[in-house]
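**Student:** This is the structure I have questions about; it appears just below.
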Amino acid sequence: MAPDATETVLLRSEGRAARITLNRPRALNALTRPMVRAVDAALAAWERDGSVAAVVIAGAGERGLCAGGDIRAIRADALAGGRASLDFWRDEYRLNARIARFPKPYVALMDGIVMGGGVGVSAHGSVRVVTERSSVAMPETGIGFVPDVGGTYLLSRAPGELGTLLALTGEPVGAADALLCGLADHFVPAARLTGFAAALTDSEVMDAVHRYAGPAPEGLLAGRREWIDSCCAGDSVEEIVERLLGHGDPGAKEAARTILTRSPTSLKVTLASLRRARALASLEEVLEQEYRVSCAAFRSPDLVEGVRAQVVDKDRSPRWSPAELSGVSEAAVARFFAPLPEGVPGLFGDGEEYGEEHGKGKGL
């Protein structure tokens, strides 16, 4: 029976592979809570299904896998004083953990735009495929939010200070730089992606990878490591910006100018999140931290204002509060890492910890 094209998540099995298609192309496949729950339930069922040897996730349409969560809905929820967004994030982050611990190959086709929540449903997988059209980013500081969906786990473990630069600027990277930063594993030309996906129905995953993958076009970050690593190792956002502005490379100055357009509060909380994530041993621990941060950010004025400026009014002129880095105190940053509000459950407080339940290794 053919799947209903009006469904926001399309599920089907073909041969030895099961396939997930995020199906909101007009919204760049932005995630909603029902979508997250549908994907999670499918993975739970396919994990126990002996006929499924691998899972493949892709996005409908030509523009990308997924642009993230539905930030318009999150803003509306915040303005209404609701808490549906907290429930959404709890389900989403638990899904991120399930993907990371999924015992079978989880193949993410990261073609086109892959941002925010799109990174969460792809970059924790065991076989992450980018194309020359890939644009991968964690752009949260530009909307008054903080990298989540395990993004601080991934970026804190990127080589040198590459993850710090990407988290603070929120700028997207292409295929080669996604590979360099550990956000992807293989490059497959876009023209060969359909053939690659078809091969997964009757081939071992790595056999298909070896047949279709190749070298990615040259990226940008490898040649910029000197100033990225030296400048972004600063102990504060102010110090990082000062080092970038003082460096002779034009790219460093451009990075500083980009950072200074972002939410000052988000920048300081993001840097603290990354540094703390480096010291945490597991993805689950980082997700727990991110959940606390997200719950705090939900009640902060910058998230509502950032989404307004970027996607509602689209004036690209957010009025951050405070407006300057100097106005964000250490105490204000610390509040983002405080325990969860009364009545808000933790991610894994019910005893279901994906790392223990599903095993520590990724399926290959």
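Starting from 1 in every chain, residues are counted up; chains themselves are A, B, ... following the order of the structure tokens, and ligands are numbered from 1 as listed.
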I'd like the contact shell of Gly118 in chain A - 6 Å cut-off, only C-alpha atoms, skipping same-chain residues fewer than 3 positions apart - returned as JSON, numbers by chain.
**Tutor:** {"A": [66, 67, 68, 114, 115, 121]}
**Student:** Would you mind listing what lies within 6 Å of range 294-309 of chain A as an MDAnalysis selection string, with only C-alpha atoms counted and same-chain residues fewer than 3 positions away left out?
**Tutor:** chainID A and resid 75 143:145 290:291 312:318 320 336
**Student:** Using only C-alpha atoms, I'd like a table of the residues in range 67-137 of chain A that come within 10 Å of range 49-62 of chain A; for each, show the closest atom pair and its distance in Å rounded to one decimal, ordered by chain and ascending number, as a Markdown table.
**Tutor:**
| residue | atom | partner | partner_atom | distance |
| --- | --- | --- | --- | --- |
| A:Ala67 | CA | A:Gly59 | CA | 9.9 |
| A:Phe102 | CA | A:Val55 | CA | 9.6 |
| A:Pro103 | CA | A:Ala54 | CA | 9.4 |
| A:Lys104 | CA | A:Ala54 | CA | 5.7 |
| A:Pro105 | CA | A:Ala54 | CA | 4.8 |
| A:Tyr106 | CA | A:Val55 | CA | 4.9 |
| A:Val107 | CA | A:Val56 | CA | 4.6 |
| A:Ala108 | CA | A:Ile57 | CA | 5.0 |
| A:Leu109 | CA | A:Ala58 | CA | 5.3 |
| A:Met110 | CA | A:Ala58 | CA | 7.2 |
| A:Asp111 | CA | A:Ala58 | CA | 8.0 |
| A:Gly112 | CA | A:Glu62 | CA | 7.5 |
| A:Ile113 | CA | A:Glu62 | CA | 9.6 |
| A:Val114 | CA | A:Gly59 | CA | 9.6 |
| A:Gly118 | CA | A:Gly59 | CA | 9.5 |
| A:Val121 | CA | A:Ile57 | CA | 8.3 |
| A:Ser122 | CA | A:Ile57 | CA | 7.7 |
| A:Gly125 | CA | A:Ile57 | CA | 9.7 |
| A:Val127 | CA | A:Val56 | CA | 9.2 |
| A:Arg128 | CA | A:Ile57 | CA | 9.9 |
**Student:** For Pro139 in chain A, work out the shell of residues within 7 Å, counting only C-alpha atoms and skipping chain neighbours fewer than 3 positions away, then give it as an MDAnalysis selection string.
**Tutor:** chainID A and resid 116 142 170:171
**Student:** What lies within 12 Å of Gln289 in chain A using only C-alpha atoms, ignoring chain neighbours under 5 positions off, as an NGL selection string?
**Tutor:** :A and (90 or 93 or 146-153 or 269-270 or 272-280 or 282-284 or 294-296 or 336-340 or 346-348)
**Student:** Those same residues - C-alpha atoms - I'd like them written as a short mmCIF file (atom, residue, chain, number, x, y, z; two decimals), in the first residue's frame.
**Tutor:**
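Wrote it out as out14.cif, contents follow:
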data_model
loop_
_atom_site.label_atom_id
_atom_site.label_comp_id
_atom_site.auth_asym_id
_atom_site.auth_seq_id
_atom_site.Cartn_x
_atom_site.Cartn_y
_atom_site.Cartn_z
CA ARG A 90 12.45 15.99 25.49
CA TYR A 93 16.73 14.65 22.41
CA VAL A 146 21.94 27.61 21.99
CA PRO A 147 23.15 24.56 19.99
CA ASP A 148 21.19 21.50 21.09
CA VAL A 149 20.21 18.01 19.72
CA GLY A 150 23.64 16.80 20.83
CA GLY A 151 25.28 19.56 18.78
CA THR A 152 27.50 20.64 21.64
CA TYR A 153 28.65 17.02 21.99
CA VAL A 269 25.97 30.26 27.11
CA THR A 270 27.11 28.45 23.95
CA ALA A 272 30.10 27.56 28.37
CA SER A 273 28.06 24.65 26.98
CA LEU A 274 30.87 23.59 24.66
CA ARG A 275 33.54 23.77 27.34
CA ARG A 276 31.36 21.80 29.76
CA ALA A 277 30.47 19.24 27.08
CA ARG A 278 34.16 18.47 26.55
CA ALA A 279 34.33 17.27 30.13
CA LEU A 280 31.22 15.07 29.93
CA SER A 282 28.64 10.51 27.11
CA LEU A 283 26.15 11.91 24.64
CA GLU A 284 23.36 11.30 27.15
CA SER A 294 17.02 24.81 26.28
CA CYS A 295 14.39 25.04 29.03
CA ALA A 296 16.08 28.19 30.33
CA PHE A 336 21.06 28.32 32.13
CA PHE A 337 22.72 25.32 33.76
CA ALA A 338 20.53 25.26 36.88
CA PRO A 339 18.33 22.24 37.66
CA LEU A 340 15.15 21.84 35.65
CA GLY A 346 14.64 14.90 32.96
CA LEU A 347 15.41 13.15 29.70
CA PHE A 348 16.25 9.76 31.13
#
**Student:** Find the residues of range 69-180 of chain A that sit at most 9 Å from range 228-232 of chain A; for each, write down the nearest two atoms and how far apart they are in Å, to one decimal. Count only C-alpha atoms. Sort by chain, then by number going up, and give it as JSON lines.
**Tutor:**
{"residue": "A:Pro159", "atom": "CA", "partner": "A:Asp229", "partner_atom": "CA", "distance": 9.0}
{"residue": "A:Gly160", "atom": "CA", "partner": "A:Asp229", "partner_atom": "CA", "distance": 5.7}
{"residue": "A:Glu161", "atom": "CA", "partner": "A:Asp229", "partner_atom": "CA", "distance": 4.8}
{"residue": "A:Leu162", "atom": "CA", "partner": "A:Ile228", "partner_atom": "CA", "distance": 6.6}
{"residue": "A:Thr164", "atom": "CA", "partner": "A:Cys232", "partner_atom": "CA", "distance": 6.4}
{"residue": "A:Leu165", "atom": "CA", "partner": "A:Cys232", "partner_atom": "CA", "distance": 6.5}
**Student:** How many Å lie between CA of Ser321 in chain A and CA of Gly163 in chain A, rounded to one decimal?
**Tutor:**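 Here the two named atoms are 25.4 Å from each other.
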**Student:** So which residues of range 27-141 of chain A fall under alpha helix (DSSP H) by DSSP, listed as an NGL selection string?
**Tutor:** :A and (33-48 or 71-79 or 84-100 or 117-120)
**Student:** Which residue gives the smallest distance to Ala184 in chain A among A:Ala123, A:Leu95, A:Ala167, A:Ala216, with only C-alpha atoms counted?
**Tutor:**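 Using only C-alpha atoms, Ala184 in chain A sits closest to A:Ala123.
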**Student:** Provide the CA of Thr32 in chain A to CA of Asp87 in chain A distance in Å, to one decimal place.
**Tutor:**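 Value for the CA of Thr32 in chain A-CA of Asp87 in chain A distance: 10.9 Å.
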**Student:** Quick one, how far is CA of Asp40 in chain A from CA of Leu28 in chain A?
**Tutor:**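 Going from CA of Asp40 in chain A over to CA of Leu28 in chain A, I get 19.9 Å.
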**Student:** For the structure I just gave you, how does DSSP split range 40-243 of chain A - specifically, which residues are strand (DSSP E)? Reply as an NGL selection string.
**Tutor:** :A and (54-59 or 64-66 or 106-110 or 113-115 or 127-130 or 135-137 or 186-187)
**Student:** Of the candidates A:Arg133, A:Leu271, A:Ala197, A:Ile74, which one gets nearest to Ile259 in chain A if we count only C-alpha atoms?
**Tutor:**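 Nearest candidate to Ile259 in chain A out of A:Arg133, A:Leu271, A:Ala197, A:Ile74: A:Leu271.
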**Student:** For range 172-182 of chain A, find every residue with an atom within 8 Å (counting only C-alpha atoms), except residues of its own chain fewer than 3 positions away, and show them as a ChimeraX atom specification.
**Tutor:** /A:130-139,154-155,157-159,162-163,166,185-187,216-222
